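Colleague: Dropping the structure in here first, questions after.
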Amino acid sequence: MMLDANHAPPVPAQPQAIRREDYRPPAWTVPEVSLDFDLDPATTRVRARLEVSRREDTVEPLRLDGAGQRLVSVLVDGVAINDWRLDGDTLEVPLTGDTHVVETEVEIAPDANTQLMGLYASNGILCTQCEAEGFRRITYFPDRPDVLARYRVRMSADKARFPVLLANGDPIASGDLPDGRHWAEWHDPFPKPSYLFALVAGDLACNRSSFTTQSGREVELGIWVREADLPRTHHALHALKLSMAWDEHVYGREYDLDVFNIVAVDDFNFGAMENKGLNIFNSRYVLADPDTATDMDYDHVAGVVAHEYFHNWSGNRVTCRDWFQLSLKEGFTVFRDQGFSADQGSAAVKRIEDVRALRASQFPEDAGPLAHPIRPESYLEISNFYTATIYNKGAEIVRMMATILGPQRFRAATDLYFDRFDGTAATCEDFVQCMEDAGGVDLTQFRLWYSQAGTPRVSASVTHDAGSGRATLRLGQQVPATPGQSDKEPMVIPLKLRLFGAATGRPLTDEQLVMLNQASDTIVYEGVTERPVLSINRGFSAPVVIESDRTPDELAFLSGTDDDPFARYEATQQLMLDTLVAGAIEGGRTNHDAVIRAVSATLSDPSLDPAFVAEAVLLPAEGFIADQLAVVDPEAVFAARQALRSDLARQLEEQWRAAYDGPREPYAYTPRAKGSRRLRNVALGYLAATNTGDAGKLAFTQFAAADNMTDRQGALQVLANGDSDERVAALDIFYNRYADNALVLDKWFQTQALATRADTVEIVAELSRHPDFSLANPNRARSLVGAFGVNQRALNRADGAGYRFLADQLIQLDKLNPQTAAKLLPPLGRWRRFDATRAVMMRAELERIVAVPGLSKDLFEQASKSLE
Ligand code: 0A1
Ligand code: ZN
C-alpha cells in the first residue's frame, strides 16, 4: 500500500526522543547483502538483496528504515509482493518463515541532496555519508549499528564522467557496458554495520603506495583526489603509513584488507569518515602543501588520517551496539590519535593544545544547556551528539583509566577488549569491564564519568607548620548541576601532584597519583622543612577545574621551575587568568607585574623549546576568561585582555623583537622549524599590540616575503585585526592569489570573521553577500558563520546585531543542511551567562528559530534545549 498525501499520518508536533533504556536487540538480522547501483547524478537506481534471518523469539515483521527515496518494488524470495506497508519512513514486510531473501528497488536523487547524508554529489563526484543514519537514504535497511552484514556491491556508471568506481573492501571484477557505461564489483569480507558502507564514483587521480604489515602482508594504499590536487597528497599518504606502523607498534593492531583507500571531497559535513577500507575525507583534512596549508593544517591532516585509520579497530572491527555508545569508538579513537600525534613531535605541546581545545569547546558545553554525559540517556537527533563531550571528554576518560592502570596493564586491557569483542557491537560497559579484568582494578565508582555530566571543580590548598615540619593538603570536589541532573555523587578523580620548596626550588616529594574519590580528603606530609608550593593535576591528569589558593608569587614560581612542562604552562595560564578576571571585574586597575615577570622569564629561558614558549606566553582566550565570570561583560573581558596584551607588548618589546628576529629556520615541516614559526607569529602579534605605528608594515613585510602559509596567514590575521593601510592591500592580494583554491579562500573568510575589530559584524554581513560565499558548502559556511560564532566580541555586540546575523544564517542554512546548521547554534545558547539585555536578545533569536515552519529536527533539538 502506498500512502498518498491525503492519507499521510500526521507529522508529530514534537519529534520523539530516543532513549538508551529502550534498547532492544534487533528482531531480524541480515548476514548478507548485495547492492546494485545504477549510478546517475539525477536519478540513481538501487537494487538491494537482503538475506534476512529471524531472531529465535520474535514474531515481529521485518522493519526496514528508509528516508527520502522512491520505492519501486518489493520482492520476497523472488516473488513480487504488495502487502508491504509504509509506516512513516519505515517499510514493514510481513514474513512467515525464519529466513528469507528480501529484494527492494528504489530511486534516489544525488544531485538534489543538499544535506550531504546518503548518496550525494560533490563537484562532480558521487559519494556517500552513512554515519549515523544516512544509509536509510540509500536503500531500505535495518539502519542500526548492531546489525552486521557482509556486503557485495556492484556499481555501473557513465565511464567518461565516472571512470573510477570504489567501494568498501576489495575490488573483485570490472568491465565495460554498452552506451559508454562501465561497472565494477567490490566485496567486503568483514561484517559491518550499515553506517560504515561507502561508495565513490568520479574522475579521480590516485597517489598510490603500499605498506607491508608486521606479519608481512602487502596493502595497496591510495589517496584519491582531483588530478590537479595530486601534488598536495604526499603529507596525508606519509601520515597514513606512520599511523599503520604506530598502531602495530603501540596497540598491536594490524590492517586486515588488501586495499586501503582515502578519497577527498569538497562538500562534507564533518572532518572525515572511517568507512571500512574506503575512508572519505573532507578535502581540508587531506590536501596540504607549504604554499596553501599552515603548520596547524598539516597537524590536523595527520591527526585526522590517523584518527580514521585507527577506527579500523576501534569502531569497525569492534563497533557500537547503539548510538548511546558513540564515545566507545570516538573517545577511545581520539585518545589513540592524540597519542599518535604526541609521538610525532613534542608531547608537552600536544597536551597543551588538546587541553586548550577541551577548554574552548567542551567545558562550555558541559556548563551550558546542551550538557550531556559521555554516554547520553536520550536524544532527538543523533547527529547532534557528535560533540566535544563525546569525543574530547570521552578521550580524557579513557586517558584517566590508562593513568590508573599504567601502560602495561592498559595495553593488556585494550588487547583483551579487541580480542573479546572482535566482530561484534559492544558497549561502554564492555570497555570498562576489560579495564577491570585486565587491570585488576575496581572501577565501580569511576563509571560515574559515563553517566554524570558537568566539569568537576576541585579545591586544593596546602598549609604548612614550620615548627613540626608538617604540610597538610586539603582537597575537595564538587560536580555542578546540569540539565536533568541536579544532584551529583563524588567522582573518582586521579590527580598527579608534587610539592616543591618555595625557598630552594627543590622538589619536596616524588610525583604521586592521588585518587580523590570523596567530597573531601586530607593528605599529611611529614618532614617538610620549607614552605611547600603545590603542583597539581600535572599533565592534566583529570578533566577538572582546579581552584587553589596559590598566590601570584607561587604561580610565578611554578611557571619558572616546575619540572612538568604542562604544569609550568598551567601555572602561567592561571596567573594570567586570575589577572584577567580581576581586570574584567575591576576595569583597568589591575596589577600586571606578576604576569609580565613570568612571561619575561619564559621568553628568556634558553632551556625551553620555542614551540612550548609560544604556547605558554599566549593569553587565555576571551571565551575562557568569560567562563570564569558570574555575569559576562564581553566588552570588559575584551578590554582587560587588550590592556594586559599591550602592557606585555610594550614592557617586553625588546624580548618580542628578539624572538621575532631570532635565528630563522628554512621552511620544513619539522617540530623544530614549526616551533620557530609559531613563536615568531606570536611575537608578531605582540609587536602589533605595542601600537607603535610600524606594526602594519612589519606584518605586511612578513606577509609579502612569506614562502609558506603559516607565515602568510599569521601576518594576515594580525593585519585583519587592525586598521592599517596594509590591511586591505593584504586581503586583496591574498584573495587574488588564491581565488581558485576553495580551502585557502575559506581562510580568507575565516580570518575576517575572527577579527577583533569593532565593525566585524558589518564586515561579515557584507562577506555573506560575496559571490564566493555559499551556505551550501559546509567548509565555507563554517569559515564565515562558524568563525563568527566563536568571535566573542563580534557575536556579543551590545546592539544584538551579532545574534541577529547568526540566527538569520542558521535559518537559511537549515533548509539546505540541517546537520551543519545545528552544529553552529550553541553560541546562542549561552544566554544565561550574560547580562539581562543580551540574554533577552539571545532568547528572542532562539525563539525565532524554533518558530520557523518546517524546521529540522536537528536545529529544533539544539534551539529548544538551549531555551530551557
Ligand atoms: N565517525 C567520524 C565522524 C563523522 C560522523 C558523522 C558524519 O556524518 C556527516 C561524518 C563523520 C569520525 O569520528 O571521524
Ligand atoms: Zn571518529
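Residue names in the C-alpha cells use chain letters A, B, ... in the order shown, residue numbers from 1 in each chain, and ligand numbers from 1 in the order shown.
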Identify, on the basis of only C-alpha atoms, every residue whose closest approach to Arg737 of chain A does not exceed 12 Å; exclude the query and any residue fewer than 4 positions from it along the same chain; express the result as a ChimeraX atom specification.
Modeller: /A:291-292,704,712,730-733,741-742,744-745,748
Colleague: Kindly compile the residues surrounding ligand 2 within 9 Å, counting only C-alpha atoms and all ligand atoms, and format them as a PyMOL selection string.
Modeller: chain A and resi 271-274+304+307-308+310-311+314-315+327+329-334+391
Colleague: Mind checking which residues fall within 8 Å of Val72 of chain A, counting only C-alpha atoms, ignoring those fewer than 2 positions away in the same chain, and posting them as a list of chain:residue names?
Modeller: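 Close residues of Val72 of chain A: A:Arg70, A:Val74, A:Thr104, A:Glu105, A:Val106, A:Glu107.
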Colleague: Can you list, as an MDAnalysis selection string, every protein, DNA or RNA residue that comes within 12 Å of segment 458-467 of chain A when you count only C-alpha atoms, leaving out same-chain residues fewer than 3 positions away?
Modeller: chainID A and resid 455 470:480 490:495 497:502 516:537 542:551 554
Colleague: Which is closer to ligand 1 than all the others in A:Leu50, A:Met842, A:Ala715, A:Met117, using only C-alpha atoms and all ligand atoms?
Modeller: A:Met117
Colleague: Find the residue from A:Cys206, A:Ile382, A:Leu240, A:Ala347 that sits nearest to ligand 1; use only C-alpha atoms and all ligand atoms when measuring.
Modeller: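 When distances to ligand 1 are compared using only C-alpha atoms and all ligand atoms, the smallest one comes from A:Ile382.
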Colleague: Excluding Ala626 of chain A and residues on its chain fewer than 5 positions from it, collect all residues at most 12 Å away from it, counting only C-alpha atoms, and give them as JSON, numbers by chain.
Modeller: {"A": [359, 360, 363, 364, 577, 578, 580, 581, 582, 583, 584, 585, 620, 621, 631, 632, 633, 634, 635, 636, 637, 638, 640, 641, 792, 793, 796, 830, 833, 834]}
Colleague: Print the selection's residues with N, CA and C atoms to a file, as a short mmCIF file (atom, residue, chain, number, x, y, z; two decimals), in the first residue's frame.
Modeller:
```cif
data_model
loop_
_atom_site.label_atom_id
_atom_site.label_comp_id
_atom_site.auth_asym_id
_atom_site.auth_seq_id
_atom_site.Cartn_x
_atom_site.Cartn_y
_atom_site.Cartn_z
N ARG A 359 39.05 23.05 26.74
CA ARG A 359 38.52 24.21 27.47
C ARG A 359 37.74 25.14 26.57
N ALA A 360 38.12 25.19 25.30
CA ALA A 360 37.43 26.11 24.40
C ALA A 360 36.08 25.57 23.97
N PHE A 363 34.36 22.40 27.83
CA PHE A 363 33.98 22.98 29.12
C PHE A 363 32.70 23.84 28.99
N PRO A 364 32.63 24.72 27.99
CA PRO A 364 31.37 25.50 27.87
C PRO A 364 30.16 24.61 27.59
N LEU A 577 45.08 34.21 33.95
CA LEU A 577 43.63 34.16 34.09
C LEU A 577 43.17 34.95 35.31
N ASP A 578 43.85 34.75 36.44
CA ASP A 578 43.48 35.48 37.66
C ASP A 578 43.57 36.99 37.41
N LEU A 580 43.40 38.55 34.49
CA LEU A 580 42.40 39.00 33.51
C LEU A 580 41.00 39.05 34.12
N VAL A 581 40.70 38.06 34.97
CA VAL A 581 39.39 38.06 35.62
C VAL A 581 39.27 39.29 36.52
N ALA A 582 40.33 39.55 37.27
CA ALA A 582 40.31 40.76 38.11
C ALA A 582 40.16 42.00 37.23
N GLY A 583 40.86 42.02 36.12
CA GLY A 583 40.78 43.17 35.21
C GLY A 583 39.38 43.36 34.64
N ALA A 584 38.74 42.26 34.29
CA ALA A 584 37.39 42.36 33.72
C ALA A 584 36.40 42.85 34.75
N ILE A 585 36.64 42.50 36.01
CA ILE A 585 35.72 42.92 37.07
C ILE A 585 36.03 44.36 37.52
N PRO A 620 45.05 33.54 27.74
CA PRO A 620 43.84 32.72 27.61
C PRO A 620 42.82 33.43 26.69
N ALA A 621 42.04 32.62 25.99
CA ALA A 621 41.07 33.17 25.04
C ALA A 621 39.97 33.94 25.78
N VAL A 631 28.68 36.92 35.69
CA VAL A 631 27.94 37.58 34.60
C VAL A 631 28.97 38.17 33.66
N VAL A 632 28.86 37.80 32.39
CA VAL A 632 29.89 38.20 31.43
C VAL A 632 29.57 39.56 30.83
N ASP A 633 30.57 40.45 30.91
CA ASP A 633 30.51 41.68 30.14
C ASP A 633 31.58 41.54 29.05
N PRO A 634 31.19 41.18 27.84
CA PRO A 634 32.19 40.85 26.82
C PRO A 634 33.12 42.01 26.49
N GLU A 635 32.62 43.23 26.60
CA GLU A 635 33.49 44.38 26.32
C GLU A 635 34.55 44.52 27.41
N ALA A 636 34.15 44.25 28.67
CA ALA A 636 35.12 44.33 29.77
C ALA A 636 36.18 43.23 29.64
N VAL A 637 35.76 42.05 29.21
CA VAL A 637 36.71 40.95 29.01
C VAL A 637 37.69 41.34 27.91
N PHE A 638 37.14 41.86 26.82
CA PHE A 638 37.98 42.26 25.69
C PHE A 638 38.97 43.34 26.13
N ALA A 640 40.04 44.09 29.17
CA ALA A 640 41.04 43.59 30.13
C ALA A 640 42.14 42.83 29.39
N ARG A 641 41.73 42.05 28.42
CA ARG A 641 42.71 41.25 27.67
C ARG A 641 43.60 42.16 26.82
N GLN A 792 33.98 36.32 20.26
CA GLN A 792 33.22 36.79 21.43
C GLN A 792 32.79 38.25 21.31
N ARG A 793 33.73 39.07 20.87
CA ARG A 793 33.42 40.50 20.84
C ARG A 793 32.36 40.79 19.79
N ASN A 796 28.75 39.07 20.48
CA ASN A 796 28.02 39.63 21.63
C ASN A 796 27.94 41.15 21.61
N ARG A 830 24.20 30.42 25.07
CA ARG A 830 24.94 30.84 26.27
C ARG A 830 24.28 32.01 26.99
N ARG A 833 24.66 33.25 30.69
CA ARG A 833 25.94 33.75 31.18
C ARG A 833 26.05 35.27 31.05
N PHE A 834 25.08 35.90 30.33
CA PHE A 834 25.24 37.32 30.04
C PHE A 834 24.26 38.18 30.83
#
```
Colleague: If we count only C-alpha atoms, what is near Thr213 of chain A at a cut-off of 7 Å, once residues fewer than 4 positions away on the same chain are taken out, given as a ChimeraX atom specification?
Modeller: /A:217-218,254
Colleague: Report the residues of segment 425-639 of chain A whose backbone DSSP state falls under helix (DSSP H, G or I), written as a PyMOL selection string.
Modeller: chain A and resi 428-439+445-451+538-540+552-561+565-586+593-603+610-616+622-627+634-639
Colleague: Near Gly68 of chain A, within 12 Å and counting only C-alpha atoms, which residues show up once chain neighbours fewer than 6 positions away are dropped, as number ranges by chain?
Modeller: A: 88-90, 106-110, 112-113, 115, 117-119, 134-140
Colleague: Put those residues in a file: C-alpha atoms, as a tab-separated table (two decimals), in the first residue's frame.
Modeller:
```
chain	number	residue	atom	x	y	z
A	88	GLY	CA	6.09	6.85	8.07
A	89	ASP	CA	9.53	6.17	6.62
A	90	THR	CA	9.65	2.55	7.84
A	106	VAL	CA	14.37	2.36	-5.04
A	107	GLU	CA	15.23	5.59	-6.79
A	108	ILE	CA	17.24	8.38	-5.20
A	109	ALA	CA	18.40	11.79	-6.44
A	110	PRO	CA	22.05	12.53	-5.52
A	112	ALA	CA	19.21	17.20	-5.16
A	113	ASN	CA	20.79	16.02	-1.91
A	115	GLN	CA	22.02	17.71	3.37
A	117	MET	CA	23.73	12.40	4.01
A	118	GLY	CA	23.27	9.22	1.96
A	119	LEU	CA	24.42	9.39	-1.67
A	134	GLY	CA	22.47	8.04	6.22
A	135	PHE	CA	22.28	4.51	4.82
A	136	ARG	CA	18.48	4.61	5.05
A	137	ARG	CA	18.61	7.41	2.46
A	138	ILE	CA	20.21	4.96	0.01
A	139	THR	CA	18.10	1.87	0.48
A	140	TYR	CA	15.66	0.24	2.94
```
Colleague: Using DSSP on the backbone, list every residue of segment 442-498 of chain A that comes out as strand (DSSP E), and give them as a VMD selection string.
Modeller: chain A and resid 457 to 465 470 to 478 493 to 498
Colleague: Which residue, A:Pro456, A:Gly623, A:Gly202, A:Gly696, has the smallest gap to Ala357 of chain A when you use only C-alpha atoms?
Modeller: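 Closest candidate: A:Gly623.
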Colleague: Between atom CA of Phe421 of chain A and atom CA of Val30 of chain A, measure the distance and give it in Å to one decimal.
Modeller: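 Going from atom CA of Phe421 of chain A over to atom CA of Val30 of chain A covers 19.1 Å.
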